[in-house]
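Take a look at the structure below.
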Amino acid sequence: MSTRAVFALPPGARAYPLRTARGEFAAVDSAVPDGVTPKGTALLLPGFTGSKEDFTLLHEPLTARGYRIVAVDGRGQFESDGPETDESAYARGELARDVLAQAAALDTPVHLVGHSLGGQIARAAVLLDHSPFLSFTLVSSGPAQISDSQQQRVKLLRDALGVMTMAEVWDAILAMGPPEEVGGPTRGIGDVVQLRRRWLGNKPAQLLATGRQLCTEPDLVEELAAVPLPFHVLSGSQDDTWPVPLLDDMAVRLRAHRTVIPGADHSPNADEPLPTARALADFWDGLGL
């Protein structure tokens, strides 16, 4: 696992390998600054082709509100190690147990936040054992499989990974158009050199397995609603991965707090970080824990 920061860290943050009973996971950890009363800890899980850096712009405003922020790369994701070709290591249950191990390593109850794929992995962890968590926020993460259009994009990626190297796939994605139009792994917080290095850090088996899971995820909202945790559904005002009305309906089914961030798309944490951070902190504060 690399311990050298590829991306600039948030102010006051440190990057290190979080040691757990299931191995090490690359983490970026921001403590509550001096003079601010600590209120709790949040564990943040990124989405498909993403990384812990997707939350970079949330750290400073959330620590200013009293919350320690720990963002992690999942198994086989960017700076966290994992098998190159063994897809079984990335089964949903395995990734869920990783999350439980991460929470245990932090040695304190945590507010769980999952973005997109990270939300579905977090959901699986909560369904296995909700006891380490104080609350669960799904960020742009829907009730079941992704939209038909996104399934087609994932299928193209999976087909390409079957016949091309990671570097060749990156070049093919860039050839499709500018990053702001192509999206996916070419779009994020960082320049094209940093994002390429992040892409190359992903294990192909992880992308193949989790891509398949995104396209076949069952609706488990009823099961999640039976878990005694406070829920929060947060999204942008538009989303082509899970349509916003679908997220609205999921929030109703979960009896969850609902936040829509105006002007944000599938990644409100990057598109509109300050309103997103405010919504997260307001939700946690409102729990009165």
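How things are named: the first chain in the structure tokens is A, the next is B, and so on; residues count from 1 in each chain; ligands count from 1 in the order shown.
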Give me the residues within 8 Å of A:His115 as a list in words, counting only C-alpha atoms and dropping any in the same chain fewer than 5 places off.
Leu44, Leu45, Pro46, Gly47, Leu138, Val139, Ser140, Ser141 and Ser267 of chain A
Distance table requested - stretch 20-79 of chain A against stretch 96-103 of chain A, cut-off 8 Å, only C-alpha atoms: one row per qualifying residue with the closest atom pair and its distance in Å to one decimal, ordered by chain and rising residue number, as CSV.
```
residue,atom,partner,partner_atom,distance
A:Thr20,CA,A:Ala101,CA,5.7
A:Ala21,CA,A:Ala101,CA,6.1
A:Arg22,CA,A:Asp98,CA,6.3
A:Phe25,CA,A:Gln102,CA,8.0
A:Leu43,CA,A:Ala103,CA,7.4
A:Gly74,CA,A:Asp98,CA,7.8
A:Arg75,CA,A:Asp98,CA,7.7
```
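Between atom CA of A:Arg14 and atom CA of A:Pro33 lies a distance of 13.0 Å.
Residues within 8 Å of stretch 253-260 of chain A, counting only C-alpha atoms and excluding same-chain residues fewer than 6 positions away, are Val221, Glu222, Leu224, Ala225, Pro230, Phe231, His232, Val233, Leu234, Ser235, Gly236, Ser237, Ala279 and Phe283 of chain A.
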Serialized selection, N, CA, C and O atoms, as a short mmCIF file (atom, residue, chain, number, x, y, z; two decimals), in the first residue's frame:
```
data_model
loop_
_atom_site.label_atom_id
_atom_site.label_comp_id
_atom_site.auth_asym_id
_atom_site.auth_seq_id
_atom_site.Cartn_x
_atom_site.Cartn_y
_atom_site.Cartn_z
N VAL A 221 -34.51 -2.27 0.42
CA VAL A 221 -34.96 -1.15 1.24
C VAL A 221 -35.83 -1.63 2.40
O VAL A 221 -35.72 -1.12 3.52
N GLU A 222 -36.69 -2.60 2.15
CA GLU A 222 -37.56 -3.09 3.22
C GLU A 222 -36.73 -3.67 4.36
O GLU A 222 -37.01 -3.40 5.54
N LEU A 224 -33.60 -2.90 5.05
CA LEU A 224 -32.87 -1.82 5.71
C LEU A 224 -33.80 -1.01 6.62
O LEU A 224 -33.38 -0.60 7.72
N ALA A 225 -35.02 -0.80 6.20
CA ALA A 225 -35.97 -0.02 7.00
C ALA A 225 -36.25 -0.66 8.35
O ALA A 225 -36.64 0.03 9.31
N PRO A 230 -31.02 5.80 12.51
CA PRO A 230 -31.47 6.98 11.78
C PRO A 230 -30.87 6.97 10.37
O PRO A 230 -29.66 6.77 10.21
N PHE A 231 -31.71 7.21 9.35
CA PHE A 231 -31.26 7.20 7.97
C PHE A 231 -31.36 8.60 7.36
O PHE A 231 -32.23 9.39 7.72
N HIS A 232 -30.47 8.83 6.42
CA HIS A 232 -30.43 10.10 5.69
C HIS A 232 -30.18 9.77 4.23
O HIS A 232 -29.23 9.05 3.91
N VAL A 233 -31.02 10.26 3.34
CA VAL A 233 -30.82 10.11 1.89
C VAL A 233 -30.48 11.48 1.33
O VAL A 233 -31.29 12.40 1.40
N LEU A 234 -29.27 11.60 0.80
CA LEU A 234 -28.77 12.87 0.29
C LEU A 234 -28.39 12.69 -1.17
O LEU A 234 -27.77 11.70 -1.54
N SER A 235 -28.77 13.66 -2.00
CA SER A 235 -28.41 13.58 -3.42
C SER A 235 -28.35 14.97 -4.01
O SER A 235 -28.76 15.96 -3.38
N GLY A 236 -27.85 15.05 -5.24
CA GLY A 236 -27.96 16.27 -6.00
C GLY A 236 -29.37 16.44 -6.53
O GLY A 236 -30.23 15.57 -6.37
N SER A 237 -29.60 17.56 -7.19
CA SER A 237 -30.93 17.82 -7.75
C SER A 237 -31.14 17.11 -9.08
O SER A 237 -32.26 17.10 -9.61
N ALA A 279 -25.38 19.87 5.34
CA ALA A 279 -26.50 18.93 5.47
C ALA A 279 -26.12 17.73 6.32
O ALA A 279 -26.92 17.27 7.15
N PHE A 283 -27.72 17.01 10.05
CA PHE A 283 -28.39 15.74 10.33
C PHE A 283 -27.81 15.10 11.59
O PHE A 283 -28.55 14.68 12.49
#
```
So that I can check the surroundings of A:Ala31, please list as a VMD selection string every protein, DNA and RNA residue that reaches within 10 Å of it, counting only C-alpha atoms and ignoring chain neighbours fewer than 4 positions away.
chain A and resid 12 to 14 38 41 59 to 60 62 to 64 66 to 70
Create the file for the chosen residues now, containing N, CA, C and O atoms and written as an mmCIF file, in the first residue's frame.
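Ended up saving to result.cif:
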```cif
data_model
loop_
_atom_site.group_PDB
_atom_site.id
_atom_site.type_symbol
_atom_site.label_atom_id
_atom_site.label_comp_id
_atom_site.auth_asym_id
_atom_site.auth_seq_id
_atom_site.Cartn_x
_atom_site.Cartn_y
_atom_site.Cartn_z
ATOM 1 N N GLY A 12 -4.766 19.864 7.697
ATOM 2 C CA GLY A 12 -4.739 19.182 8.982
ATOM 3 C C GLY A 12 -4.961 17.686 8.930
ATOM 4 O O GLY A 12 -4.931 17.029 9.981
ATOM 5 N N ALA A 13 -5.169 17.113 7.741
ATOM 6 C CA ALA A 13 -5.431 15.679 7.628
ATOM 7 C C ALA A 13 -4.127 14.896 7.566
ATOM 8 O O ALA A 13 -3.066 15.423 7.246
ATOM 9 N N ARG A 14 -4.225 13.610 7.870
ATOM 10 C CA ARG A 14 -3.088 12.727 7.683
ATOM 11 C C ARG A 14 -3.537 11.494 6.900
ATOM 12 O O ARG A 14 -4.694 11.044 7.024
ATOM 13 N N PRO A 38 -15.402 18.200 20.144
ATOM 14 C CA PRO A 38 -15.647 16.990 19.354
ATOM 15 C C PRO A 38 -17.066 16.451 19.584
ATOM 16 O O PRO A 38 -17.541 16.384 20.718
ATOM 17 N N THR A 41 -17.463 10.823 15.133
ATOM 18 C CA THR A 41 -16.599 10.374 14.044
ATOM 19 C C THR A 41 -17.456 9.852 12.907
ATOM 20 O O THR A 41 -18.464 9.180 13.147
ATOM 21 N N HIS A 59 -13.866 17.494 4.361
ATOM 22 C CA HIS A 59 -13.148 17.335 5.626
ATOM 23 C C HIS A 59 -13.142 18.617 6.456
ATOM 24 O O HIS A 59 -13.516 18.602 7.633
ATOM 25 N N GLU A 60 -12.685 19.706 5.859
ATOM 26 C CA GLU A 60 -12.505 20.932 6.638
ATOM 27 C C GLU A 60 -13.828 21.470 7.196
ATOM 28 O O GLU A 60 -13.910 21.781 8.402
ATOM 29 N N LEU A 62 -16.544 19.843 7.861
ATOM 30 C CA LEU A 62 -17.129 18.919 8.831
ATOM 31 C C LEU A 62 -16.328 18.882 10.134
ATOM 32 O O LEU A 62 -16.915 18.798 11.219
ATOM 33 N N THR A 63 -15.020 18.958 10.041
ATOM 34 C CA THR A 63 -14.245 19.004 11.291
ATOM 35 C C THR A 63 -14.510 20.312 12.030
ATOM 36 O O THR A 63 -14.507 20.339 13.269
ATOM 37 N N ALA A 64 -14.773 21.387 11.283
ATOM 38 C CA ALA A 64 -15.111 22.664 11.930
ATOM 39 C C ALA A 64 -16.420 22.572 12.696
ATOM 40 O O ALA A 64 -16.655 23.353 13.625
ATOM 41 N N GLY A 66 -17.159 19.841 14.357
ATOM 42 C CA GLY A 66 -16.917 18.945 15.478
ATOM 43 C C GLY A 66 -16.845 17.474 15.140
ATOM 44 O O GLY A 66 -16.809 16.629 16.050
ATOM 45 N N TYR A 67 -16.756 17.128 13.864
ATOM 46 C CA TYR A 67 -16.771 15.724 13.469
ATOM 47 C C TYR A 67 -15.433 15.297 12.866
ATOM 48 O O TYR A 67 -14.969 15.896 11.889
ATOM 49 N N ARG A 68 -14.836 14.290 13.465
ATOM 50 C CA ARG A 68 -13.650 13.664 12.870
ATOM 51 C C ARG A 68 -14.094 12.918 11.610
ATOM 52 O O ARG A 68 -15.098 12.187 11.631
ATOM 53 N N ILE A 69 -13.336 13.071 10.530
ATOM 54 C CA ILE A 69 -13.702 12.480 9.251
ATOM 55 C C ILE A 69 -12.627 11.484 8.828
ATOM 56 O O ILE A 69 -11.445 11.839 8.724
ATOM 57 N N VAL A 70 -13.046 10.246 8.576
ATOM 58 C CA VAL A 70 -12.142 9.201 8.099
ATOM 59 C C VAL A 70 -12.706 8.655 6.789
ATOM 60 O O VAL A 70 -13.764 8.021 6.773
#
```
Run DSSP on the backbone and grab whatever in stretch 53-237 of chain A lands in helix (DSSP H, G or I); send it over as a PyMOL selection string.
chain A and resi 53-64+87-90+92-106+117-128+148-161+166-175+179-182+184-186+192-201+204-216+221-225
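When only C-alpha atoms are used to compute distances to A:Leu174, the closest of the residues A:Val192, A:Ala205, A:Ala15, A:Ala91 turns out to be A:Val192.
Near A:Pro204, within 10 Å and counting only C-alpha atoms, sit Gly76, Gln77, Gly82, Pro83, Glu84, Thr85, Asp86, Glu87, Arg158, Leu161, Gly162, Thr165, Met166, Trp199, Leu200, Gly201, Asn202, Gln206, Leu207, Leu208 and Ala209 of chain A, not including residues fewer than 2 positions from it in the same chain.
In terms of minimum interatomic distance to A:Phe55, A:Asn269 ranks closest within A:Thr276, A:Asn269, A:Thr137, A:Gln150, counting only C-alpha atoms.
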Could you check which of A:Val154, A:Ala270, A:Ile146, A:Ile121 is closest to A:Gly211, using only C-alpha atoms?
A:Val154
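Residues of stretch 161-260 of chain A assigned to strand (DSSP E or B) by DSSP on this structure's backbone: Phe231, His232, Val233, Leu234, Ser235, Gly236, His257, Arg258, Thr259 and Val260 of chain A.
Residues in contact with A:Asp240 at 9 Å, where only C-alpha atoms are counted and same-chain residues fewer than 3 positions away are skipped, are listed as Ile146, Ser147, Ser149, Gln150, Pro243, Val244, Asp265 and His266 of chain A.
Using only C-alpha atoms, the shortest contact distance between A:Ala105 and any of A:Leu289, A:Ala27, A:Met250, A:Ala281 is found at A:Ala27.
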Counting only C-alpha atoms, the option among A:Arg153, A:Asp171, A:Leu112, A:Lys203 closest to A:Glu79
A:Lys203
